[in-house]
file model_34.csv (CSV, C-alpha atoms and all ligand atoms)
chain,number,residue,atom,x,y,z
M,37,MET,CA,-1.5,80.6,24.2
M,38,ARG,CA,-3.3,79.6,21.0
M,39,GLU,CA,-3.9,75.8,20.7
M,40,SER,CA,-1.9,74.1,17.9
M,41,ALA,CA,-3.4,74.4,14.5
M,42,LEU,CA,-2.6,70.8,13.7
M,43,TYR,CA,-5.0,67.9,14.0
M,44,GLY,CA,-4.5,66.2,17.3
M,45,THR,CA,-4.1,62.8,15.7
M,46,TYR,CA,-0.6,62.0,16.9
M,47,ALA,CA,0.7,61.3,20.4
M,48,ARG,CA,3.9,63.2,19.7
M,49,GLN,CA,7.0,62.8,21.9
M,50,PRO,CA,8.4,66.1,23.2
M,51,LEU,CA,11.3,66.2,20.7
M,52,ALA,CA,12.0,68.1,17.5
M,53,PHE,CA,15.0,67.4,15.3
M,54,GLU,CA,16.9,69.7,13.0
M,55,ARG,CA,19.5,67.6,11.2
M,56,GLY,CA,20.9,64.1,10.9
M,57,GLU,CA,23.8,62.1,9.6
M,58,GLY,CA,23.8,58.4,9.2
M,59,CYS,CA,22.3,56.8,12.3
M,60,TRP,CA,22.5,60.0,14.3
M,61,ILE,CA,19.9,62.7,14.6
M,62,GLU,CA,20.3,66.1,16.3
M,63,THR,CA,18.0,68.6,18.0
M,64,ALA,CA,18.3,72.4,17.4
M,65,ASP,CA,20.3,72.7,20.6
M,66,GLY,CA,22.8,70.1,19.5
M,67,GLU,CA,21.6,67.0,21.5
M,68,ARG,CA,22.5,63.9,19.5
M,69,TYR,CA,20.3,60.8,19.5
M,70,LEU,CA,21.1,57.3,18.2
M,71,ASP,CA,18.3,56.8,15.8
M,72,PHE,CA,17.0,53.2,15.9
M,73,ALA,CA,13.6,54.3,14.8
M,74,ALA,CA,14.6,55.6,11.4
M,75,GLY,CA,11.3,57.3,10.8
M,76,ILE,CA,9.6,53.8,11.4
M,77,ALA,CA,11.8,51.9,9.0
M,78,VAL,CA,11.8,54.7,6.4
M,79,ASN,CA,15.4,56.2,6.6
M,80,SER,CA,16.8,53.0,5.2
M,81,LEU,CA,20.2,54.6,4.4
M,82,GLY,CA,20.2,56.8,7.4
M,83,HIS,CA,20.1,60.6,7.4
M,84,ALA,CA,21.6,62.8,4.7
M,85,HIS,CA,23.2,59.9,2.8
M,86,PRO,CA,25.5,61.6,0.2
M,87,HIS,CA,24.3,59.4,-2.7
M,88,LEU,CA,20.7,60.2,-2.0
M,89,VAL,CA,21.3,63.9,-1.4
M,90,GLU,CA,23.2,64.1,-4.7
M,91,ALA,CA,20.4,62.2,-6.6
M,92,LEU,CA,17.7,64.4,-5.2
M,93,THR,CA,19.4,67.8,-5.6
M,94,GLU,CA,20.5,66.9,-9.1
M,95,GLN,CA,17.0,66.0,-10.1
M,96,ALA,CA,15.5,69.0,-8.3
M,97,GLY,CA,17.5,71.3,-10.6
M,98,LYS,CA,16.2,69.5,-13.7
M,99,LEU,CA,12.5,68.5,-13.4
M,100,TRP,CA,10.2,67.9,-10.4
M,101,HIS,CA,7.0,66.7,-11.9
M,102,VAL,CA,5.4,66.0,-15.3
M,103,SER,CA,2.3,63.7,-14.8
M,104,ASN,CA,1.8,60.1,-15.7
M,105,VAL,CA,0.3,61.1,-19.0
M,106,TYR,CA,3.9,61.3,-20.2
M,107,GLU,CA,6.7,58.8,-20.3
M,108,ILE,CA,8.9,59.0,-17.1
M,109,PRO,CA,12.3,57.4,-17.9
M,110,GLY,CA,13.3,57.2,-14.2
M,111,GLN,CA,10.0,55.3,-13.5
M,112,ALA,CA,10.6,52.8,-16.3
M,113,ARG,CA,14.2,52.3,-15.0
M,114,LEU,CA,13.1,51.8,-11.3
M,115,GLY,CA,10.3,49.5,-12.4
M,116,GLU,CA,12.7,47.4,-14.5
M,117,ARG,CA,15.2,47.1,-11.7
M,118,LEU,CA,12.6,46.1,-9.1
M,119,ALA,CA,11.3,43.5,-11.5
M,120,GLU,CA,14.8,42.2,-12.2
M,121,SER,CA,15.5,41.8,-8.5
M,122,SER,CA,12.2,40.2,-7.5
M,123,PHE,CA,9.3,37.9,-8.5
M,124,ALA,CA,7.5,40.8,-10.2
M,125,GLU,CA,6.9,41.6,-13.9
M,126,LYS,CA,4.8,44.7,-13.4
M,127,VAL,CA,5.1,47.7,-11.1
M,128,PHE,CA,2.8,50.6,-10.2
M,129,PHE,CA,4.3,53.5,-8.2
M,130,THR,CA,2.5,55.3,-5.3
M,131,ASN,CA,3.3,57.9,-2.7
M,132,SER,CA,2.7,55.7,0.4
M,133,GLY,CA,2.3,52.2,1.8
M,134,ALA,CA,-1.5,52.5,2.1
M,135,GLU,CA,-1.8,53.5,-1.6
M,136,ALA,CA,0.4,50.6,-2.6
M,137,LEU,CA,-2.0,48.3,-0.6
M,138,GLU,CA,-5.0,49.9,-2.3
M,139,CYS,CA,-3.4,49.2,-5.6
M,140,ALA,CA,-2.8,45.6,-4.7
M,141,ILE,CA,-6.4,45.1,-3.4
M,142,LYS,CA,-7.8,46.7,-6.6
M,143,THR,CA,-5.5,44.6,-8.8
M,144,ALA,CA,-6.6,41.4,-7.0
M,145,ARG,CA,-10.3,42.2,-7.5
M,146,ARG,CA,-9.8,43.2,-11.1
M,147,TYR,CA,-7.9,39.9,-11.8
M,148,HIS,CA,-11.0,37.9,-10.8
M,149,HIS,CA,-13.3,40.3,-12.6
M,150,VAL,CA,-11.5,39.9,-15.9
M,151,ASN,CA,-11.4,36.1,-15.3
M,152,GLY,CA,-15.2,36.1,-15.3
M,153,GLN,CA,-15.6,35.8,-11.5
M,154,PRO,CA,-16.5,39.3,-10.4
M,155,GLU,CA,-18.0,37.9,-7.2
M,156,ARG,CA,-14.5,37.1,-5.9
M,157,ILE,CA,-13.8,40.3,-4.0
M,158,ARG,CA,-13.1,39.1,-0.5
M,159,ILE,CA,-9.7,39.2,1.1
M,160,ILE,CA,-8.5,37.2,4.1
M,161,THR,CA,-6.3,39.1,6.5
M,162,PHE,CA,-4.8,38.3,10.0
M,163,GLU,CA,-5.4,39.6,13.4
M,164,GLY,CA,-2.8,42.1,14.5
M,165,ALA,CA,-2.2,43.2,10.9
M,166,PHE,CA,-1.6,46.8,9.9
M,167,HIS,CA,-2.0,47.9,6.3
M,168,GLY,CA,-2.5,51.7,6.5
M,169,ARG,CA,-5.2,54.3,7.4
M,170,THR,CA,-7.3,54.6,4.3
M,171,LEU,CA,-10.9,53.3,4.5
M,172,ALA,CA,-10.0,50.1,2.7
M,173,THR,CA,-6.8,49.5,4.6
M,174,ILE,CA,-8.3,50.0,8.0
M,175,ALA,CA,-10.9,47.5,7.0
M,176,ALA,CA,-8.1,45.1,5.9
M,177,GLY,CA,-6.2,45.7,9.2
M,178,GLY,CA,-9.4,45.0,11.1
M,179,GLN,CA,-8.4,46.8,14.3
M,180,ALA,CA,-11.4,48.2,16.1
M,181,LYS,CA,-9.4,51.2,17.4
M,182,TYR,CA,-8.7,52.4,13.8
M,183,LEU,CA,-12.3,51.6,12.5
M,184,GLU,CA,-14.3,53.3,15.2
M,185,GLY,CA,-16.3,56.3,14.2
M,186,PHE,CA,-15.6,56.2,10.5
M,187,GLY,CA,-18.8,54.7,9.3
M,188,PRO,CA,-19.4,51.3,7.8
M,189,LYS,CA,-16.3,49.1,7.4
M,190,VAL,CA,-15.4,48.7,3.8
M,191,GLU,CA,-16.9,45.4,2.6
M,192,GLY,CA,-14.8,42.5,1.6
M,193,PHE,CA,-12.3,41.7,4.4
M,194,ASP,CA,-12.4,38.6,6.5
M,195,GLN,CA,-10.0,38.3,9.4
M,196,VAL,CA,-8.7,35.2,11.0
M,197,PRO,CA,-6.4,34.7,14.1
M,198,PHE,CA,-2.7,35.0,13.4
M,199,GLY,CA,-1.3,31.7,12.2
M,200,ASP,CA,-4.6,29.8,12.7
M,201,GLU,CA,-4.8,27.4,9.7
M,202,GLU,CA,-8.1,25.9,10.6
M,203,ALA,CA,-9.8,29.3,10.8
M,204,LEU,CA,-8.2,30.2,7.5
M,205,LEU,CA,-9.5,27.1,5.8
M,206,LYS,CA,-13.0,27.9,7.1
M,207,ALA,CA,-12.8,31.5,5.8
M,208,ILE,CA,-12.0,30.5,2.2
M,209,GLY,CA,-15.2,30.6,0.2
M,210,PRO,CA,-16.5,31.1,-3.3
M,211,GLU,CA,-16.1,34.9,-3.0
M,212,THR,CA,-12.5,34.8,-1.7
M,213,ALA,CA,-10.1,36.7,-4.0
M,214,ALA,CA,-6.8,36.7,-2.0
M,215,ILE,CA,-4.9,36.3,1.2
M,216,LEU,CA,-3.1,39.4,2.5
M,217,VAL,CA,-0.3,39.1,5.0
M,218,GLU,CA,2.8,40.9,6.4
M,219,PRO,CA,5.7,38.3,6.4
M,220,ILE,CA,6.6,40.0,9.8
M,221,GLN,CA,3.9,42.0,11.5
M,222,GLY,CA,5.4,45.4,12.3
M,223,GLU,CA,2.8,47.5,14.2
M,224,GLY,CA,1.4,44.2,15.5
M,225,GLY,CA,4.6,43.7,17.5
M,226,VAL,CA,7.3,42.2,15.2
M,227,ARG,CA,5.6,38.9,14.9
M,228,PRO,CA,7.2,36.8,12.1
M,229,VAL,CA,5.0,34.4,10.1
M,230,PRO,CA,6.9,31.1,10.3
M,231,ASN,CA,8.4,30.0,7.0
M,232,ALA,CA,6.4,26.8,7.0
M,233,PHE,CA,3.1,28.8,7.3
M,234,MET,CA,4.2,31.2,4.5
M,235,ARG,CA,4.7,28.1,2.3
M,236,ARG,CA,1.3,26.8,3.4
M,237,LEU,CA,-0.3,30.1,2.4
M,238,ARG,CA,1.2,29.8,-1.0
M,239,GLU,CA,-0.1,26.3,-1.4
M,240,LEU,CA,-3.6,27.2,-0.3
M,241,CYS,CA,-3.7,30.1,-2.7
M,242,ASP,CA,-2.6,27.9,-5.6
M,243,ARG,CA,-5.2,25.2,-4.6
M,244,HIS,CA,-8.1,27.7,-4.3
M,245,GLY,CA,-7.2,30.0,-7.2
M,246,LEU,CA,-6.5,32.9,-4.8
M,247,LEU,CA,-3.8,35.6,-5.1
M,248,LEU,CA,-1.2,35.9,-2.4
M,249,ILE,CA,-0.7,39.5,-1.5
M,250,LEU,CA,2.3,40.4,0.7
M,251,ASP,CA,2.5,43.6,2.6
M,252,GLU,CA,6.3,44.3,2.7
M,253,VAL,CA,5.9,48.0,3.4
M,254,GLN,CA,7.9,47.6,6.6
M,255,SER,CA,9.8,44.3,6.1
M,256,GLY,CA,11.0,45.0,2.5
M,257,VAL,CA,14.0,46.6,0.8
M,258,GLY,CA,16.7,44.8,2.8
M,259,ARG,CA,15.2,45.3,6.3
M,260,THR,CA,15.5,41.5,7.2
M,261,GLY,CA,18.8,40.8,5.4
M,262,LYS,CA,17.1,39.7,2.1
M,263,LEU,CA,15.8,42.2,-0.4
M,264,PHE,CA,12.3,41.1,0.6
M,265,ALA,CA,11.4,39.1,3.7
M,266,HIS,CA,9.4,36.5,1.9
M,267,GLU,CA,12.6,35.2,0.3
M,268,TRP,CA,13.4,33.6,3.7
M,269,ALA,CA,10.5,31.2,3.1
M,270,GLU,CA,11.5,30.6,-0.5
M,271,ILE,CA,8.1,31.5,-1.9
M,272,THR,CA,6.9,34.2,-4.2
M,273,PRO,CA,3.7,36.2,-4.0
M,274,ASP,CA,1.4,37.3,-6.8
M,275,LEU,CA,1.2,40.9,-5.5
M,276,MET,CA,3.3,42.9,-3.0
M,277,ALA,CA,3.1,46.3,-1.5
M,278,VAL,CA,6.3,48.1,-0.6
M,279,ALA,CA,7.0,51.7,0.6
M,280,LYS,CA,8.9,53.2,3.5
M,281,GLY,CA,12.6,52.1,2.9
M,282,ILE,CA,12.3,52.2,-0.9
M,283,GLY,CA,12.3,56.0,-0.7
M,284,GLY,CA,14.8,56.4,2.1
M,285,GLY,CA,12.7,59.3,3.4
M,286,PHE,CA,11.2,60.5,0.2
M,287,PRO,CA,7.5,59.6,0.0
M,288,LEU,CA,7.4,56.6,-2.3
M,289,GLY,CA,5.6,53.3,-2.5
M,290,ALA,CA,5.0,50.6,-5.1
M,291,CYS,CA,2.7,47.7,-5.9
M,292,LEU,CA,4.6,44.8,-7.5
M,293,ALA,CA,2.8,42.1,-9.5
M,294,THR,CA,3.2,39.1,-11.7
M,295,ALA,CA,2.0,39.9,-15.3
M,296,GLU,CA,-0.8,37.4,-14.7
M,297,ALA,CA,-2.1,39.1,-11.5
M,298,ALA,CA,-1.9,42.5,-13.1
M,299,LYS,CA,-3.6,41.5,-16.3
M,300,GLY,CA,-6.8,43.4,-15.4
M,301,MET,CA,-5.1,46.7,-14.8
M,302,THR,CA,-5.6,48.1,-18.3
M,303,PRO,CA,-5.5,51.8,-19.4
M,304,GLY,CA,-7.8,53.9,-17.3
M,305,THR,CA,-8.4,51.4,-14.5
M,306,HIS,CA,-6.1,53.1,-11.9
M,307,GLY,CA,-4.1,56.2,-11.6
M,308,THR,CA,-2.3,58.8,-9.4
M,309,THR,CA,-1.1,62.4,-9.8
M,310,PHE,CA,2.1,62.2,-7.8
M,311,GLY,CA,3.0,58.5,-7.8
M,312,GLY,CA,6.3,57.8,-9.5
M,313,ASN,CA,7.2,61.4,-10.2
M,314,PRO,CA,10.8,62.3,-11.3
M,315,LEU,CA,11.9,63.4,-7.9
M,316,ALA,CA,10.7,60.2,-6.2
M,317,MET,CA,12.2,58.1,-9.0
M,318,ALA,CA,15.6,59.7,-8.7
M,319,VAL,CA,15.7,58.9,-5.0
M,320,GLY,CA,14.2,55.4,-5.4
M,321,ASN,CA,16.9,54.5,-8.0
M,322,ALA,CA,19.6,55.9,-5.8
M,323,VAL,CA,18.4,53.8,-2.8
M,324,LEU,CA,18.5,50.7,-5.0
M,325,ASP,CA,22.1,51.6,-6.2
M,326,VAL,CA,23.2,51.2,-2.6
M,327,VAL,CA,20.9,48.3,-1.4
M,328,LEU,CA,21.9,46.2,-4.4
M,329,GLU,CA,25.6,46.7,-3.9
M,330,ASP,CA,27.6,43.5,-3.3
M,331,GLY,CA,27.6,42.6,0.4
M,332,PHE,CA,25.0,45.2,1.5
M,333,LEU,CA,22.3,42.6,2.4
M,334,GLU,CA,24.8,40.3,4.0
M,335,ASN,CA,26.0,43.1,6.3
M,336,ILE,CA,22.4,43.7,7.4
M,337,ALA,CA,22.0,40.0,8.4
M,338,ALA,CA,25.3,40.1,10.3
M,339,ARG,CA,24.4,43.4,12.1
M,340,GLY,CA,21.0,41.9,12.9
M,341,LEU,CA,22.6,38.8,14.5
M,342,GLN,CA,25.0,41.0,16.5
M,343,LEU,CA,22.1,43.1,17.7
M,344,LYS,CA,20.0,40.0,18.6
M,345,GLN,CA,22.9,38.4,20.5
M,346,GLY,CA,23.6,41.6,22.4
M,347,LEU,CA,20.0,42.0,23.3
M,348,ALA,CA,19.7,38.4,24.4
M,349,ALA,CA,22.3,39.0,27.0
M,350,VAL,CA,20.5,42.1,28.2
M,351,ALA,CA,17.3,40.2,28.4
M,352,ASP,CA,19.0,37.5,30.5
M,353,GLU,CA,20.3,40.1,32.9
M,354,PHE,CA,17.0,41.9,33.3
M,355,PRO,CA,14.3,39.2,33.1
M,356,ASP,CA,11.8,41.5,35.0
M,357,VAL,CA,12.2,44.2,32.3
M,358,ILE,CA,12.6,42.2,29.1
M,359,GLU,CA,10.7,39.0,28.3
M,360,GLY,CA,12.3,38.1,25.0
M,361,ILE,CA,13.8,39.2,21.7
M,362,ARG,CA,12.3,38.4,18.2
M,363,GLY,CA,12.5,39.4,14.6
M,364,GLU,CA,14.8,39.1,11.6
M,365,GLY,CA,17.8,41.2,10.4
M,366,LEU,CA,17.3,44.8,11.4
M,367,MET,CA,13.6,44.4,12.3
M,368,ILE,CA,13.9,43.5,15.9
M,369,GLY,CA,11.3,43.4,18.6
M,370,ILE,CA,11.9,43.6,22.4
M,371,LYS,CA,9.0,42.0,24.1
M,372,CYS,CA,8.8,43.9,27.4
M,373,LYS,CA,7.7,42.6,30.8
M,374,VAL,CA,7.3,46.2,32.1
M,375,GLN,CA,5.1,48.6,30.1
M,376,ASN,CA,6.9,49.1,26.8
M,377,LEU,CA,6.7,52.9,27.0
M,378,ARG,CA,8.6,52.9,30.3
M,379,LEU,CA,11.6,51.3,28.5
M,380,LEU,CA,11.1,53.7,25.5
M,381,GLU,CA,11.3,56.7,27.9
M,382,ALA,CA,14.3,55.3,29.6
M,383,LEU,CA,15.9,54.9,26.2
M,384,ARG,CA,15.1,58.5,25.4
M,385,ASP,CA,17.0,59.4,28.6
M,386,GLN,CA,19.9,57.4,27.1
M,387,LYS,CA,19.5,59.5,23.9
M,388,MET,CA,18.3,56.6,21.8
M,389,LEU,CA,15.1,56.5,19.6
M,390,VAL,CA,13.0,53.3,19.2
M,391,VAL,CA,9.4,52.6,18.2
M,392,PRO,CA,6.6,51.2,20.2
M,393,ALA,CA,4.4,48.4,18.8
M,394,GLY,CA,1.5,46.2,19.7
M,395,ASP,CA,1.8,43.2,22.1
M,396,ASN,CA,3.9,45.4,24.5
M,397,VAL,CA,6.9,45.4,22.2
M,398,LEU,CA,9.5,48.0,21.3
M,399,ARG,CA,10.8,47.9,17.8
M,400,LEU,CA,14.4,48.5,16.7
M,401,LEU,CA,14.5,49.6,13.1
M,402,PRO,CA,17.9,51.2,12.6
M,403,PRO,CA,19.1,52.5,9.3
M,404,LEU,CA,20.4,49.6,7.2
M,405,ILE,CA,23.9,51.2,7.1
M,406,VAL,CA,24.3,50.8,10.9
M,407,THR,CA,27.9,49.9,11.8
M,408,GLU,CA,29.3,47.3,14.2
M,409,ASP,CA,30.3,50.0,16.6
M,410,GLU,CA,26.8,51.6,16.5
M,411,ILE,CA,25.2,48.3,17.3
M,412,ARG,CA,27.5,47.9,20.2
M,413,GLU,CA,26.6,51.4,21.4
M,414,ALA,CA,22.9,50.7,21.0
M,415,VAL,CA,23.2,47.5,23.1
M,416,LYS,CA,25.0,49.5,25.8
M,417,ARG,CA,22.3,52.1,25.9
M,418,ILE,CA,19.5,49.5,26.0
M,419,HIS,CA,21.4,47.8,28.8
M,420,ASP,CA,21.6,51.0,30.8
M,421,ALA,CA,18.0,51.8,30.1
M,422,ALA,CA,16.9,48.3,31.2
M,423,ALA,CA,19.1,48.7,34.4
M,424,ALA,CA,17.4,52.1,35.1
M,425,VAL,CA,13.9,50.6,34.7
M,426,ASN,CA,14.9,47.6,36.8
M,427,ALA,CA,16.1,49.8,39.6
M,428,THR,CA,12.9,51.9,39.7
M,429,GLU,CA,10.8,48.7,39.5
M,430,LYS,CA,12.6,47.3,42.6
M,431,ALA,CA,12.2,50.7,44.4
M,432,ASP,CA,8.5,50.7,43.6
M,433,ALA,CA,8.0,47.1,44.8
M,501,LIG,C1,3.1,46.8,7.1
M,501,LIG,C2,2.6,48.2,6.8
M,501,LIG,N1,1.7,48.3,5.8
M,501,LIG,C3,1.2,49.5,5.5
M,501,LIG,C4,1.6,50.7,6.1
M,501,LIG,C5,1.0,52.0,5.7
M,501,LIG,O1,2.0,52.8,5.1
M,501,LIG,P1,1.7,54.4,5.0
M,501,LIG,O2,1.7,54.9,6.3
M,501,LIG,O3,2.9,54.8,4.1
M,501,LIG,O4,0.5,54.6,4.2
M,501,LIG,C6,2.5,50.6,7.2
M,501,LIG,C7,2.9,51.8,7.9
M,501,LIG,O5,3.3,51.8,9.0
M,501,LIG,C8,3.0,49.3,7.5
M,501,LIG,O6,3.9,49.2,8.5
call {"tool": "encode", "arguments": {"input": "model_34.csv", "output": "structure tokens"}}
result
Amino acid sequence: MRESALYGTYARQPLAFERGEGCWIETADGERYLDFAAGIAVNSLGHAHPHLVEALTEQAGKLWHVSNVYEIPGQARLGERLAESSFAEKVFFTNSGAEALECAIKTARRYHHVNGQPERIRIITFEGAFHGRTLATIAAGGQAKYLEGFGPKVEGFDQVPFGDEEALLKAIGPETAAILVEPIQGEGGVRPVPNAFMRRLRELCDRHGLLLILDEVQSGVGRTGKLFAHEWAEITPDLMAVAKGIGGGFPLGACLATAEAAKGMTPGTHGTTFGGNPLAMAVGNAVLDVVLEDGFLENIAARGLQLKQGLAAVADEFPDVIEGIRGEGLMIGIKCKVQNLRLLEALRDQKMLVVPAGDNVLRLLPPLIVTEDEIREAVKRIHDAAAAVNATEKADA
């Protein structure tokens, strides 16, 4: 048989899906899975949400693409709505999270450039971070496994241990432009930055004239029960990257900025062919219609609490399998005692999808529309998977 024509870059699971509805996803031969992966926090409104299907198909019959050399009314509208519901005054649309980060990094460097300090190009990041797979974002993430073999690391990123204030203070120098952080590390293992440390980061940025860049690609757009996770710490950033959930499955990202931070981004300084095209904007606006409805975010917080409480009981029952539960809203991490992939496989046997992460964690990132019954069902399946792993552990011992 001929080898696959695809790059071998992904360790794919032996599963292919054909259709989905809400929190459920189905293979071609009709096997239904409870989807608590949601495309790694992308399918924010689940699969085939009627409002999104309608918005996309309606736009598809009118106009797909025009180029950013013309006005795009849907873009102006989505930009305005994002600005109204956040700290931001300016928005640049992209196709992905990494591109949103690239825009934020460029914006921060340009800010200092137009302020007459072009030497301020360095950005401080944290160990365990993940910001994407472009050359600049692998340098920002600083993980050796993603940097190896791709030539010199892009200059200008200084990494400090997660939550280490002393190391952070030492790293700030005359060339520092910004601090970049995920309010909750996703790939790093659902590691929340404590609210007090988020406030400290804001203070340090203000004191040293740095910009605070938040990566809310995974934690944003309602995931934690607030529209953006940083709202829990009652601070605002200067720049923020979002993606994933904002498009509900359509490729869409955005860099949000204060007017001051974005002041260097004048005509010609940045651009994209596809970013913010009419199809993406139709879906992005439709996602916001739902996420901004009264009570939507409150329900995420309530479902998150229900999930955490249910999981805490499972962890108590199987301490040899699960070490602890962490996270906020519907961004929950199960810190495993056994190898996390063993529990992932046991969950697959229970017809439930979850996502592995660093620090031996499994991530639960269900669609934000998940119901009380579906959370109950998820906890039951996790219980049964933990019981199965526990039994094989005992048998092996
Ligand atoms: C926190 C965070 N930042 C950036 C990215 C990169 O986004 P993308 O894969 O859309 O480029 C991801 C993707 O997993 C992410 O979780």
call {"tool": "residues_near_point", "arguments": {"input": "model_34.csv", "point": "(13.4, 42.0, 1.6)", "cutoff": "12 Å", "atoms": "all atoms listed in the file", "output": "JSON, numbers by chain"}}
result
{"M": [118, 121, 122, 123, 218, 219, 220, 250, 251, 252, 253, 254, 255, 256, 257, 258, 259, 260, 261, 262, 263, 264, 265, 266, 267, 268, 269, 270, 272, 276, 277, 278, 279, 281, 282, 327, 328, 333, 334, 336, 337, 364, 365, 366, 367, 404]}
call {"tool": "atom_distance", "arguments": {"input": "model_34.csv", "atom1": "atom CA of Leu275 of chain M", "atom2": "atom CA of Thr294 of chain M"}}
result
6.8 Å
call {"tool": "closest_residue", "arguments": {"input": "model_34.csv", "among": "M:Glu223, M:Asp352, M:Glu90, M:Glu184", "to": "ligand LIG 501 (chain M)", "atoms": "all atoms listed in the file"}}
result
M:Glu223
call {"tool": "closest_residue", "arguments": {"input": "model_34.csv", "among": "M:Ala213, M:Glu359, M:Leu114, M:Phe128", "to": "Thr302 of chain M", "atoms": "only C-alpha atoms"}}
result
M:Phe128
call {"tool": "atom_distance", "arguments": {"input": "model_34.csv", "atom1": "atom CA of Asp409 of chain M", "atom2": "atom CA of Gly75 of chain M"}}
result
21.2 Å
call {"tool": "residues_around", "arguments": {"input": "model_34.csv", "residues": "segment 186-188 of chain M", "least_positions_apart": "6", "cutoff": "12 Å", "atoms": "all atoms listed in the file", "output": "PyMOL selection string"}}
result
chain M and resi 169-172+174-175+180
call {"tool": "residues_around", "arguments": {"input": "model_34.csv", "residues": "Gly56 of chain M", "least_positions_apart": "2", "cutoff": "7 Å", "atoms": "all atoms listed in the file", "output": "compact mmCIF listing (two decimals) with C-alpha atoms, in the coordinates of the input"}}
result
# COMPACT_ATOMS: atom_id res chain seq x y z
CA GLY M 58 23.80 58.40 9.20
CA TRP M 60 22.50 60.00 14.30
CA ILE M 61 19.90 62.70 14.60
CA GLU M 62 20.30 66.10 16.30
CA HIS M 83 20.10 60.60 7.40
CA ALA M 84 21.60 62.80 4.70
call {"tool": "closest_residue", "arguments": {"input": "model_34.csv", "among": "M:Ile160, M:Pro86, M:Phe166, M:Ile215", "to": "Gly192 of chain M", "atoms": "only C-alpha atoms"}}
result
M:Ile160
call {"tool": "closest_residue", "arguments": {"input": "model_34.csv", "among": "M:Gly224, M:Gly209, M:Pro230, M:Pro402", "to": "ligand LIG 501 (chain M)", "atoms": "all atoms listed in the file"}}
result
M:Gly224
call {"tool": "closest_residue", "arguments": {"input": "model_34.csv", "among": "M:Pro287, M:Pro228, M:Gly178, M:Pro50", "to": "ligand LIG 501 (chain M)", "atoms": "only C-alpha atoms and all ligand atoms"}}
result
M:Pro287
call {"tool": "atom_distance", "arguments": {"input": "model_34.csv", "atom1": "atom CA of Thr173 of chain M", "atom2": "atom CA of Val196 of chain M"}}
result
15.8 Å
